[in-house]
Amino acid sequence: YVGGTKVVKVCGITNPEDATLACTNGANLIGVIFVEKSKRCVTVESGKAIVEAVRAFGERTARLAILTTESRATLPTSPLANLRAKSRRLEETSRQRPLVVGVFQNHPEEFIARMVEECGLDLVQLHGKEGMEAACEGRCGGVPAIRVVDIEMEEDGSSSSGKEGSGGGVVDGILNAITTDPIAILLDTSIRGSKSGGGTGVTFDWSIAEKLQNHGLPVLVAGGLTPINVGDAVKTVRPWGVDVSSGVEASPGRKDKEKVGAFVRGARDAAVEASKGF
């Protein structure tokens, strides 16, 4: 995959005002978290209000169909080609109208389906140990799912394998594990020995994302991104997408207006610069 950075996701949104702020600054995906242990967990009522705000911004009143009957009929059967095609559909759908992503972690399928229906989520993101096959629409309330793949690191930000910059085994493991179930793959940092899963504020070895994309797999990169380093990530790796949460906050669950704007601008400007020569 050499298409460059197309998608910006702002996660950990807890209120309609921050949702509108992210949309106004050009975010494609608005992430709302339904994981109870998270400081950014939302209620059903808050989730509904955020969805309403995003729909109002995009001048729509209903969920957007990312994959139509026609587009499904033409999807390739190989996982790599399938994910490239579906990522392109997600990119195209969210280009003009932002979408709301519900983030779940080891939740029962019934709970996910209920949140999708009651809040009006456009798609979901699975952040636990559910497995790749769980990221299919039939198990996610009838909407597409982004599958998170954790890249394990030590607390100090070093590779848990002790081989900084290698990542070969991790890359092969991911390529062997992918299926046609998810709509996209998101790489995030996990801390060895921690059970929190995501929201670490720690970056992982970005060369892993670069190698995956060299094999043809577009990925979203999360974990420790900020307005300061997102430009480096985009220019170095040219990931299909970037995802930020704590890196643009004034306090847990509250976004900082200047940081949100700086992050999205930094990602977009770096993407233009990185595309030169391609």
# chains A, B, ... in the order shown; residues from 1 in each chain; ligands from 1
>>> select_by_dssp(residues="region 64-123 of chain A", states="strand (DSSP E or B)", output="PyMOL selection string")
chain A and resi 99-104+123
>>> residues_around(residues="Gln105 (chain A)", least_positions_apart="2", cutoff="9 Å", atoms="only C-alpha atoms", output="list in words")
Phe34, Val35, Val103, His107, Gln125, Leu126, His127, Gly128, Lys129, Glu130 and Gly197 of chain A
>>> atom_distance(atom1="CA of Lys259 (chain A)", atom2="CA of Thr226 (chain A)")
8.1 Å
>>> closest_residue(among="A:Val10, A:Ala19, A:Ala233, A:Ile50", to="Gly247 (chain A)", atoms="only C-alpha atoms")
A:Val10
>>> residues_around(residues="region 20-30 of chain A", least_positions_apart="5", cutoff="6 Å", atoms="only C-alpha atoms", output="PyMOL selection string")
chain A and resi 7-11+94+98-101+261
>>> select_by_dssp(residues="region 11-244 of chain A", states="helix (DSSP H, G or I)", output="PDB file with N, CA and C atoms, in the first residue's frame")
ATOM      1  N   PRO A  16     -20.923  16.079  22.658  1.00  0.00           N
ATOM      2  CA  PRO A  16     -21.221  16.577  21.311  1.00  0.00           C
ATOM      3  C   PRO A  16     -20.321  17.732  20.874  1.00  0.00           C
ATOM      4  N   GLU A  17     -19.938  18.583  21.822  1.00  0.00           N
ATOM      5  CA  GLU A  17     -19.106  19.741  21.471  1.00  0.00           C
ATOM      6  C   GLU A  17     -17.755  19.302  20.918  1.00  0.00           C
ATOM      7  N   ASP A  18     -17.140  18.316  21.573  1.00  0.00           N
ATOM      8  CA  ASP A  18     -15.848  17.829  21.092  1.00  0.00           C
ATOM      9  C   ASP A  18     -15.993  17.074  19.777  1.00  0.00           C
ATOM     10  N   ALA A  19     -17.132  16.412  19.602  1.00  0.00           N
ATOM     11  CA  ALA A  19     -17.392  15.720  18.337  1.00  0.00           C
ATOM     12  C   ALA A  19     -17.450  16.725  17.189  1.00  0.00           C
ATOM     13  N   THR A  20     -18.183  17.807  17.401  1.00  0.00           N
ATOM     14  CA  THR A  20     -18.286  18.842  16.381  1.00  0.00           C
ATOM     15  C   THR A  20     -16.936  19.499  16.125  1.00  0.00           C
ATOM     16  N   LEU A  21     -16.157  19.693  17.198  1.00  0.00           N
ATOM     17  CA  LEU A  21     -14.816  20.263  17.062  1.00  0.00           C
ATOM     18  C   LEU A  21     -13.952  19.399  16.154  1.00  0.00           C
ATOM     19  N   ALA A  22     -13.968  18.102  16.387  1.00  0.00           N
ATOM     20  CA  ALA A  22     -13.160  17.186  15.571  1.00  0.00           C
ATOM     21  C   ALA A  22     -13.626  17.197  14.124  1.00  0.00           C
ATOM     22  N   CYS A  23     -14.951  17.181  13.923  1.00  0.00           N
ATOM     23  CA  CYS A  23     -15.498  17.203  12.565  1.00  0.00           C
ATOM     24  C   CYS A  23     -15.114  18.490  11.834  1.00  0.00           C
ATOM     25  N   THR A  24     -15.245  19.602  12.515  1.00  0.00           N
ATOM     26  CA  THR A  24     -14.936  20.899  11.919  1.00  0.00           C
ATOM     27  C   THR A  24     -13.490  20.984  11.475  1.00  0.00           C
ATOM     28  N   VAL A  44     -25.087   5.579  27.153  1.00  0.00           N
ATOM     29  CA  VAL A  44     -25.917   5.487  25.957  1.00  0.00           C
ATOM     30  C   VAL A  44     -26.396   6.877  25.552  1.00  0.00           C
ATOM     31  N   GLU A  45     -26.790   7.666  26.536  1.00  0.00           N
ATOM     32  CA  GLU A  45     -27.296   9.012  26.246  1.00  0.00           C
ATOM     33  C   GLU A  45     -26.219   9.876  25.598  1.00  0.00           C
ATOM     34  N   SER A  46     -25.000   9.815  26.134  1.00  0.00           N
ATOM     35  CA  SER A  46     -23.900  10.589  25.551  1.00  0.00           C
ATOM     36  C   SER A  46     -23.579  10.091  24.150  1.00  0.00           C
ATOM     37  N   GLY A  47     -23.593   8.770  23.968  1.00  0.00           N
ATOM     38  CA  GLY A  47     -23.338   8.203  22.649  1.00  0.00           C
ATOM     39  C   GLY A  47     -24.338   8.691  21.622  1.00  0.00           C
ATOM     40  N   LYS A  48     -25.607   8.705  22.007  1.00  0.00           N
ATOM     41  CA  LYS A  48     -26.655   9.201  21.106  1.00  0.00           C
ATOM     42  C   LYS A  48     -26.418  10.659  20.743  1.00  0.00           C
ATOM     43  N   ALA A  49     -26.077  11.462  21.739  1.00  0.00           N
ATOM     44  CA  ALA A  49     -25.874  12.897  21.512  1.00  0.00           C
ATOM     45  C   ALA A  49     -24.686  13.145  20.585  1.00  0.00           C
ATOM     46  N   ILE A  50     -23.634  12.353  20.734  1.00  0.00           N
ATOM     47  CA  ILE A  50     -22.463  12.488  19.871  1.00  0.00           C
ATOM     48  C   ILE A  50     -22.819  12.116  18.438  1.00  0.00           C
ATOM     49  N   VAL A  51     -23.543  11.015  18.268  1.00  0.00           N
ATOM     50  CA  VAL A  51     -23.972  10.599  16.933  1.00  0.00           C
ATOM     51  C   VAL A  51     -24.841  11.676  16.288  1.00  0.00           C
ATOM     52  N   GLU A  52     -25.753  12.243  17.054  1.00  0.00           N
ATOM     53  CA  GLU A  52     -26.611  13.298  16.520  1.00  0.00           C
ATOM     54  C   GLU A  52     -25.797  14.502  16.064  1.00  0.00           C
ATOM     55  N   ALA A  53     -24.759  14.853  16.844  1.00  0.00           N
ATOM     56  CA  ALA A  53     -23.914  15.999  16.484  1.00  0.00           C
ATOM     57  C   ALA A  53     -23.140  15.729  15.200  1.00  0.00           C
ATOM     58  N   VAL A  54     -22.617  14.519  15.072  1.00  0.00           N
ATOM     59  CA  VAL A  54     -21.854  14.164  13.866  1.00  0.00           C
ATOM     60  C   VAL A  54     -22.771  14.107  12.647  1.00  0.00           C
ATOM     61  N   ARG A  55     -23.968  13.565  12.834  1.00  0.00           N
ATOM     62  CA  ARG A  55     -24.917  13.526  11.724  1.00  0.00           C
ATOM     63  C   ARG A  55     -25.325  14.936  11.308  1.00  0.00           C
ATOM     64  N   ALA A  56     -25.526  15.803  12.284  1.00  0.00           N
ATOM     65  CA  ALA A  56     -25.900  17.190  11.972  1.00  0.00           C
ATOM     66  C   ALA A  56     -24.792  17.871  11.178  1.00  0.00           C
ATOM     67  N   PHE A  57     -23.549  17.632  11.562  1.00  0.00           N
ATOM     68  CA  PHE A  57     -22.421  18.224  10.838  1.00  0.00           C
ATOM     69  C   PHE A  57     -22.395  17.731   9.393  1.00  0.00           C
ATOM     70  N   THR A  69     -24.629  -3.301  -1.344  1.00  0.00           N
ATOM     71  CA  THR A  69     -24.800  -4.630  -1.930  1.00  0.00           C
ATOM     72  C   THR A  69     -23.929  -4.790  -3.164  1.00  0.00           C
ATOM     73  N   GLU A  70     -23.853  -3.721  -3.957  1.00  0.00           N
ATOM     74  CA  GLU A  70     -23.044  -3.773  -5.177  1.00  0.00           C
ATOM     75  C   GLU A  70     -21.565  -3.902  -4.859  1.00  0.00           C
ATOM     76  N   SER A  71     -21.085  -3.124  -3.876  1.00  0.00           N
ATOM     77  CA  SER A  71     -19.659  -3.167  -3.548  1.00  0.00           C
ATOM     78  C   SER A  71     -19.264  -4.498  -2.915  1.00  0.00           C
ATOM     79  N   ARG A  72     -20.170  -5.084  -2.154  1.00  0.00           N
ATOM     80  CA  ARG A  72     -19.877  -6.393  -1.542  1.00  0.00           C
ATOM     81  C   ARG A  72     -19.684  -7.467  -2.608  1.00  0.00           C
ATOM     82  N   ALA A  73     -20.454  -7.355  -3.673  1.00  0.00           N
ATOM     83  CA  ALA A  73     -20.414  -8.368  -4.722  1.00  0.00           C
ATOM     84  C   ALA A  73     -19.078  -8.385  -5.456  1.00  0.00           C
ATOM     85  N   PRO A  79      -7.577 -12.117   1.727  1.00  0.00           N
ATOM     86  CA  PRO A  79      -7.651 -11.140   2.817  1.00  0.00           C
ATOM     87  C   PRO A  79      -6.975  -9.810   2.509  1.00  0.00           C
ATOM     88  N   LEU A  80      -5.781  -9.824   1.941  1.00  0.00           N
ATOM     89  CA  LEU A  80      -5.077  -8.573   1.663  1.00  0.00           C
ATOM     90  C   LEU A  80      -5.846  -7.700   0.675  1.00  0.00           C
ATOM     91  N   ALA A  81      -6.243  -8.279  -0.431  1.00  0.00           N
ATOM     92  CA  ALA A  81      -6.977  -7.519  -1.441  1.00  0.00           C
ATOM     93  C   ALA A  81      -8.338  -7.081  -0.923  1.00  0.00           C
ATOM     94  N   ASN A  82      -8.971  -7.937  -0.137  1.00  0.00           N
ATOM     95  CA  ASN A  82     -10.265  -7.630   0.449  1.00  0.00           C
ATOM     96  C   ASN A  82     -10.173  -6.426   1.378  1.00  0.00           C
ATOM     97  N   LEU A  83      -9.152  -6.417   2.244  1.00  0.00           N
ATOM     98  CA  LEU A  83      -8.990  -5.307   3.180  1.00  0.00           C
ATOM     99  C   LEU A  83      -8.612  -4.015   2.464  1.00  0.00           C
ATOM    100  N   ARG A  84      -7.847  -4.116   1.407  1.00  0.00           N
ATOM    101  CA  ARG A  84      -7.529  -2.913   0.631  1.00  0.00           C
ATOM    102  C   ARG A  84      -8.796  -2.317   0.031  1.00  0.00           C
ATOM    103  N   ALA A  85      -9.644  -3.167  -0.514  1.00  0.00           N
ATOM    104  CA  ALA A  85     -10.881  -2.685  -1.132  1.00  0.00           C
ATOM    105  C   ALA A  85     -11.820  -2.077  -0.099  1.00  0.00           C
ATOM    106  N   LYS A  86     -11.953  -2.734   1.048  1.00  0.00           N
ATOM    107  CA  LYS A  86     -12.866  -2.224   2.082  1.00  0.00           C
ATOM    108  C   LYS A  86     -12.324  -0.955   2.741  1.00  0.00           C
ATOM    109  N   SER A  87     -11.020  -0.886   2.912  1.00  0.00           N
ATOM    110  CA  SER A  87     -10.429   0.338   3.458  1.00  0.00           C
ATOM    111  C   SER A  87     -10.700   1.517   2.529  1.00  0.00           C
ATOM    112  N   ARG A  88     -10.630   1.251   1.241  1.00  0.00           N
ATOM    113  CA  ARG A  88     -10.908   2.302   0.260  1.00  0.00           C
ATOM    114  C   ARG A  88     -12.357   2.774   0.365  1.00  0.00           C
ATOM    115  N   ARG A  89     -13.278   1.852   0.587  1.00  0.00           N
ATOM    116  CA  ARG A  89     -14.681   2.216   0.745  1.00  0.00           C
ATOM    117  C   ARG A  89     -14.885   3.062   1.998  1.00  0.00           C
ATOM    118  N   LEU A  90     -14.224   2.678   3.083  1.00  0.00           N
ATOM    119  CA  LEU A  90     -14.331   3.450   4.329  1.00  0.00           C
ATOM    120  C   LEU A  90     -13.755   4.843   4.138  1.00  0.00           C
ATOM    121  N   GLU A  91     -12.645   4.917   3.461  1.00  0.00           N
ATOM    122  CA  GLU A  91     -12.013   6.205   3.156  1.00  0.00           C
ATOM    123  C   GLU A  91     -12.951   7.099   2.341  1.00  0.00           C
ATOM    124  N   GLU A  92     -13.548   6.545   1.308  1.00  0.00           N
ATOM    125  CA  GLU A  92     -14.432   7.315   0.437  1.00  0.00           C
ATOM    126  C   GLU A  92     -15.691   7.776   1.164  1.00  0.00           C
ATOM    127  N   THR A  93     -16.257   6.902   1.989  1.00  0.00           N
ATOM    128  CA  THR A  93     -17.495   7.234   2.695  1.00  0.00           C
ATOM    129  C   THR A  93     -17.270   8.330   3.731  1.00  0.00           C
ATOM    130  N   SER A  94     -16.126   8.287   4.407  1.00  0.00           N
ATOM    131  CA  SER A  94     -15.862   9.244   5.489  1.00  0.00           C
ATOM    132  C   SER A  94     -15.199  10.528   5.007  1.00  0.00           C
ATOM    133  N   ARG A  95     -14.947  10.634   3.710  1.00  0.00           N
ATOM    134  CA  ARG A  95     -14.255  11.815   3.191  1.00  0.00           C
ATOM    135  C   ARG A  95     -15.115  13.067   3.315  1.00  0.00           C
ATOM    136  N   GLN A  96     -16.401  12.944   2.996  1.00  0.00           N
ATOM    137  CA  GLN A  96     -17.303  14.094   3.025  1.00  0.00           C
ATOM    138  C   GLN A  96     -18.114  14.166   4.315  1.00  0.00           C
ATOM    139  N   GLU A 109     -21.598  -9.953  22.271  1.00  0.00           N
ATOM    140  CA  GLU A 109     -22.124  -9.480  20.988  1.00  0.00           C
ATOM    141  C   GLU A 109     -23.461  -8.781  21.158  1.00  0.00           C
ATOM    142  N   GLU A 110     -24.256  -9.221  22.116  1.00  0.00           N
ATOM    143  CA  GLU A 110     -25.571  -8.615  22.353  1.00  0.00           C
ATOM    144  C   GLU A 110     -25.435  -7.165  22.806  1.00  0.00           C
ATOM    145  N   PHE A 111     -24.428  -6.895  23.641  1.00  0.00           N
ATOM    146  CA  PHE A 111     -24.206  -5.526  24.114  1.00  0.00           C
ATOM    147  C   PHE A 111     -23.780  -4.633  22.948  1.00  0.00           C
ATOM    148  N   ILE A 112     -22.870  -5.123  22.117  1.00  0.00           N
ATOM    149  CA  ILE A 112     -22.419  -4.350  20.964  1.00  0.00           C
ATOM    150  C   ILE A 112     -23.602  -4.024  20.056  1.00  0.00           C
ATOM    151  N   ALA A 113     -24.433  -5.035  19.784  1.00  0.00           N
ATOM    152  CA  ALA A 113     -25.589  -4.833  18.905  1.00  0.00           C
ATOM    153  C   ALA A 113     -26.546  -3.798  19.487  1.00  0.00           C
ATOM    154  N   ARG A 114     -26.721  -3.838  20.802  1.00  0.00           N
ATOM    155  CA  ARG A 114     -27.644  -2.885  21.444  1.00  0.00           C
ATOM    156  C   ARG A 114     -27.107  -1.462  21.354  1.00  0.00           C
ATOM    157  N   MET A 115     -25.797  -1.269  21.559  1.00  0.00           N
ATOM    158  CA  MET A 115     -25.207   0.066  21.458  1.00  0.00           C
ATOM    159  C   MET A 115     -25.260   0.586  20.028  1.00  0.00           C
ATOM    160  N   VAL A 116     -25.019  -0.307  19.062  1.00  0.00           N
ATOM    161  CA  VAL A 116     -25.098   0.082  17.658  1.00  0.00           C
ATOM    162  C   VAL A 116     -26.502   0.590  17.341  1.00  0.00           C
ATOM    163  N   GLU A 117     -27.505  -0.151  17.798  1.00  0.00           N
ATOM    164  CA  GLU A 117     -28.883   0.205  17.502  1.00  0.00           C
ATOM    165  C   GLU A 117     -29.341   1.447  18.262  1.00  0.00           C
ATOM    166  N   GLU A 118     -29.086   1.482  19.568  1.00  0.00           N
ATOM    167  CA  GLU A 118     -29.592   2.590  20.389  1.00  0.00           C
ATOM    168  C   GLU A 118     -28.876   3.903  20.121  1.00  0.00           C
ATOM    169  N   CYS A 119     -27.583   3.844  19.818  1.00  0.00           N
ATOM    170  CA  CYS A 119     -26.819   5.078  19.599  1.00  0.00           C
ATOM    171  C   CYS A 119     -26.757   5.477  18.134  1.00  0.00           C
ATOM    172  N   MET A 132      -9.904 -12.217  15.209  1.00  0.00           N
ATOM    173  CA  MET A 132     -10.127 -11.566  13.923  1.00  0.00           C
ATOM    174  C   MET A 132     -11.527 -11.864  13.391  1.00  0.00           C
ATOM    175  N   GLU A 133     -11.992 -13.107  13.568  1.00  0.00           N
ATOM    176  CA  GLU A 133     -13.285 -13.504  13.007  1.00  0.00           C
ATOM    177  C   GLU A 133     -14.458 -12.793  13.663  1.00  0.00           C
ATOM    178  N   ALA A 134     -14.245 -12.250  14.874  1.00  0.00           N
ATOM    179  CA  ALA A 134     -15.326 -11.540  15.562  1.00  0.00           C
ATOM    180  C   ALA A 134     -15.640 -10.204  14.907  1.00  0.00           C
ATOM    181  N   GLU A 137     -19.705  -8.288  10.393  1.00  0.00           N
ATOM    182  CA  GLU A 137     -20.941  -7.543  10.647  1.00  0.00           C
ATOM    183  C   GLU A 137     -21.960  -8.361  11.421  1.00  0.00           C
ATOM    184  N   GLY A 138     -22.022  -9.647  11.147  1.00  0.00           N
ATOM    185  CA  GLY A 138     -22.997 -10.492  11.815  1.00  0.00           C
ATOM    186  C   GLY A 138     -22.809 -10.583  13.316  1.00  0.00           C
ATOM    187  N   ARG A 139     -21.607 -10.300  13.790  1.00  0.00           N
ATOM    188  CA  ARG A 139     -21.320 -10.355  15.222  1.00  0.00           C
ATOM    189  C   ARG A 139     -21.126  -8.967  15.821  1.00  0.00           C
ATOM    190  N   GLY A 168      10.010  -8.273  12.377  1.00  0.00           N
ATOM    191  CA  GLY A 168       9.714  -9.236  11.333  1.00  0.00           C
ATOM    192  C   GLY A 168       8.723 -10.292  11.756  1.00  0.00           C
ATOM    193  N   GLY A 169       8.923 -10.853  12.951  1.00  0.00           N
ATOM    194  CA  GLY A 169       8.011 -11.880  13.436  1.00  0.00           C
ATOM    195  C   GLY A 169       6.619 -11.338  13.671  1.00  0.00           C
ATOM    196  N   VAL A 170       6.525 -10.106  14.155  1.00  0.00           N
ATOM    197  CA  VAL A 170       5.227  -9.474  14.391  1.00  0.00           C
ATOM    198  C   VAL A 170       4.493  -9.276  13.073  1.00  0.00           C
ATOM    199  N   VAL A 171       5.220  -8.796  12.080  1.00  0.00           N
ATOM    200  CA  VAL A 171       4.625  -8.555  10.760  1.00  0.00           C
ATOM    201  C   VAL A 171       4.094  -9.857  10.167  1.00  0.00           C
ATOM    202  N   ASP A 172       4.906 -10.898  10.204  1.00  0.00           N
ATOM    203  CA  ASP A 172       4.470 -12.190   9.658  1.00  0.00           C
ATOM    204  C   ASP A 172       3.246 -12.723  10.406  1.00  0.00           C
ATOM    205  N   GLY A 173       3.244 -12.534  11.723  1.00  0.00           N
ATOM    206  CA  GLY A 173       2.119 -13.004  12.521  1.00  0.00           C
ATOM    207  C   GLY A 173       0.824 -12.312  12.150  1.00  0.00           C
ATOM    208  N   ILE A 174       0.900 -11.006  11.919  1.00  0.00           N
ATOM    209  CA  ILE A 174      -0.292 -10.244  11.543  1.00  0.00           C
ATOM    210  C   ILE A 174      -0.769 -10.650  10.155  1.00  0.00           C
ATOM    211  N   LEU A 175       0.155 -10.768   9.212  1.00  0.00           N
ATOM    212  CA  LEU A 175      -0.219 -11.137   7.851  1.00  0.00           C
ATOM    213  C   LEU A 175      -0.849 -12.519   7.800  1.00  0.00           C
ATOM    214  N   ASN A 176      -0.380 -13.414   8.649  1.00  0.00           N
ATOM    215  CA  ASN A 176      -0.943 -14.765   8.684  1.00  0.00           C
ATOM    216  C   ASN A 176      -2.301 -14.812   9.384  1.00  0.00           C
ATOM    217  N   ALA A 177      -2.566 -13.799  10.240  1.00  0.00           N
ATOM    218  CA  ALA A 177      -3.786 -13.808  11.043  1.00  0.00           C
ATOM    219  C   ALA A 177      -4.966 -13.100  10.392  1.00  0.00           C
ATOM    220  N   SER A 207       8.110   0.965  12.224  1.00  0.00           N
ATOM    221  CA  SER A 207       8.572   0.182  11.075  1.00  0.00           C
ATOM    222  C   SER A 207       7.681  -1.034  10.843  1.00  0.00           C
ATOM    223  N   ILE A 208       6.995  -1.484  11.897  1.00  0.00           N
ATOM    224  CA  ILE A 208       6.054  -2.610  11.745  1.00  0.00           C
ATOM    225  C   ILE A 208       4.924  -2.211  10.803  1.00  0.00           C
ATOM    226  N   ALA A 209       4.389  -1.007  11.002  1.00  0.00           N
ATOM    227  CA  ALA A 209       3.330  -0.516  10.118  1.00  0.00           C
ATOM    228  C   ALA A 209       3.851  -0.351   8.696  1.00  0.00           C
ATOM    229  N   GLU A 210       5.048   0.165   8.575  1.00  0.00           N
ATOM    230  CA  GLU A 210       5.638   0.370   7.249  1.00  0.00           C
ATOM    231  C   GLU A 210       5.803  -0.958   6.509  1.00  0.00           C
ATOM    232  N   LYS A 211       6.268  -1.981   7.223  1.00  0.00           N
ATOM    233  CA  LYS A 211       6.471  -3.292   6.597  1.00  0.00           C
ATOM    234  C   LYS A 211       5.143  -3.926   6.197  1.00  0.00           C
ATOM    235  N   LEU A 212       4.125  -3.768   7.035  1.00  0.00           N
ATOM    236  CA  LEU A 212       2.806  -4.301   6.685  1.00  0.00           C
ATOM    237  C   LEU A 212       2.284  -3.641   5.419  1.00  0.00           C
ATOM    238  N   GLN A 213       2.454  -2.337   5.330  1.00  0.00           N
ATOM    239  CA  GLN A 213       1.967  -1.632   4.147  1.00  0.00           C
ATOM    240  C   GLN A 213       2.781  -1.996   2.911  1.00  0.00           C
ATOM    241  N   ASN A 214       4.070  -2.283   3.095  1.00  0.00           N
ATOM    242  CA  ASN A 214       4.887  -2.740   1.969  1.00  0.00           C
ATOM    243  C   ASN A 214       4.396  -4.081   1.434  1.00  0.00           C
ATOM    244  N   VAL A 230       2.915  13.538  14.961  1.00  0.00           N
ATOM    245  CA  VAL A 230       2.094  12.940  13.895  1.00  0.00           C
ATOM    246  C   VAL A 230       2.688  13.213  12.520  1.00  0.00           C
ATOM    247  N   GLY A 231       3.311  14.372  12.344  1.00  0.00           N
ATOM    248  CA  GLY A 231       3.938  14.674  11.058  1.00  0.00           C
ATOM    249  C   GLY A 231       5.055  13.699  10.738  1.00  0.00           C
ATOM    250  N   ASP A 232       5.862  13.365  11.738  1.00  0.00           N
ATOM    251  CA  ASP A 232       6.943  12.398  11.538  1.00  0.00           C
ATOM    252  C   ASP A 232       6.376  11.026  11.176  1.00  0.00           C
ATOM    253  N   ALA A 233       5.304  10.626  11.882  1.00  0.00           N
ATOM    254  CA  ALA A 233       4.691   9.323  11.610  1.00  0.00           C
ATOM    255  C   ALA A 233       4.181   9.256  10.180  1.00  0.00           C
ATOM    256  N   VAL A 234       3.514  10.307   9.746  1.00  0.00           N
ATOM    257  CA  VAL A 234       2.927  10.320   8.406  1.00  0.00           C
ATOM    258  C   VAL A 234       4.011  10.351   7.333  1.00  0.00           C
ATOM    259  N   LYS A 235       5.033  11.173   7.527  1.00  0.00           N
ATOM    260  CA  LYS A 235       6.089  11.272   6.516  1.00  0.00           C
ATOM    261  C   LYS A 235       6.980  10.037   6.478  1.00  0.00           C
ATOM    262  N   THR A 236       7.171   9.412   7.643  1.00  0.00           N
ATOM    263  CA  THR A 236       8.050   8.244   7.714  1.00  0.00           C
ATOM    264  C   THR A 236       7.371   6.976   7.213  1.00  0.00           C
ATOM    265  N   VAL A 237       6.132   6.757   7.672  1.00  0.00           N
ATOM    266  CA  VAL A 237       5.438   5.496   7.408  1.00  0.00           C
ATOM    267  C   VAL A 237       4.400   5.623   6.289  1.00  0.00           C
TER     268      VAL A 237
END
>>> atom_distance(atom1="CA of Ile183 (chain A)", atom2="CA of Val143 (chain A)")
9.7 Å
>>> atom_distance(atom1="CA of Gly241 (chain A)", atom2="CA of Thr43 (chain A)")
27.0 Å
>>> closest_residue(among="A:Leu225, A:Val32, A:Leu187, A:Leu123", to="Asn15 (chain A)", atoms="only C-alpha atoms")
A:Val32
>>> residues_around(residues="Thr5 (chain A)", least_positions_apart="3", cutoff="8 Å", atoms="only C-alpha atoms", output="VMD selection string")
chain A and resid 234 238 to 242 267 to 268 271
>>> write_last_selection(atoms="C-alpha atoms", output="short mmCIF file (atom, residue, chain, number, x, y, z; two decimals), in the first residue's frame")
data_model
loop_
_atom_site.label_atom_id
_atom_site.label_comp_id
_atom_site.auth_asym_id
_atom_site.auth_seq_id
_atom_site.Cartn_x
_atom_site.Cartn_y
_atom_site.Cartn_z
CA VAL A 234 2.93 10.32 8.41
CA ARG A 238 2.73 7.04 5.19
CA PRO A 239 0.08 5.02 7.06
CA TRP A 240 -3.40 4.79 5.57
CA GLY A 241 -4.74 6.37 8.76
CA VAL A 242 -3.77 7.89 12.11
CA ALA A 267 -1.38 14.91 9.53
CA ARG A 268 -2.85 16.45 6.37
CA ALA A 271 0.51 13.61 3.90
#
>>> closest_residue(among="A:Gly3, A:Pro182, A:Pro144, A:Gly201", to="Glu249 (chain A)", atoms="only C-alpha atoms")
A:Gly201
>>> closest_residue(among="A:Val149, A:Ile13, A:Ala270, A:Leu64", to="Val244 (chain A)", atoms="only C-alpha atoms")
A:Ile13
>>> decode(residues="region 119-128 of chain A", atoms="N, CA, C and O atoms", output="short mmCIF file (atom, residue, chain, number, x, y, z; two decimals), in the first residue's frame")
data_model
loop_
_atom_site.label_atom_id
_atom_site.label_comp_id
_atom_site.auth_asym_id
_atom_site.auth_seq_id
_atom_site.Cartn_x
_atom_site.Cartn_y
_atom_site.Cartn_z
N CYS A 119 -27.58 3.84 19.82
CA CYS A 119 -26.82 5.08 19.60
C CYS A 119 -26.76 5.48 18.13
O CYS A 119 -26.54 6.65 17.82
N GLY A 120 -26.93 4.51 17.23
CA GLY A 120 -26.85 4.81 15.81
C GLY A 120 -25.43 4.79 15.26
O GLY A 120 -25.12 5.52 14.31
N LEU A 121 -24.55 3.97 15.85
CA LEU A 121 -23.15 3.91 15.42
C LEU A 121 -23.03 3.50 13.96
O LEU A 121 -23.79 2.67 13.47
N ASP A 122 -22.05 4.07 13.26
CA ASP A 122 -21.81 3.73 11.86
C ASP A 122 -20.96 2.47 11.72
O ASP A 122 -21.12 1.71 10.76
N LEU A 123 -20.05 2.26 12.63
CA LEU A 123 -19.22 1.07 12.65
C LEU A 123 -18.65 0.90 14.05
O LEU A 123 -18.84 1.76 14.92
N VAL A 124 -17.98 -0.22 14.30
CA VAL A 124 -17.43 -0.48 15.62
C VAL A 124 -15.94 -0.79 15.50
O VAL A 124 -15.41 -1.01 14.40
N GLN A 125 -15.28 -0.81 16.64
CA GLN A 125 -13.86 -1.15 16.72
C GLN A 125 -13.68 -2.13 17.87
O GLN A 125 -14.10 -1.86 19.00
N LEU A 126 -13.11 -3.28 17.57
CA LEU A 126 -12.89 -4.31 18.58
C LEU A 126 -11.47 -4.22 19.10
O LEU A 126 -10.51 -4.38 18.35
N HIS A 127 -11.36 -4.00 20.42
CA HIS A 127 -10.07 -3.69 21.03
C HIS A 127 -9.63 -4.75 22.04
O HIS A 127 -8.69 -4.52 22.81
N GLY A 128 -10.31 -5.89 22.03
CA GLY A 128 -9.97 -6.90 23.03
C GLY A 128 -9.36 -8.15 22.43
O GLY A 128 -8.64 -8.09 21.43
#
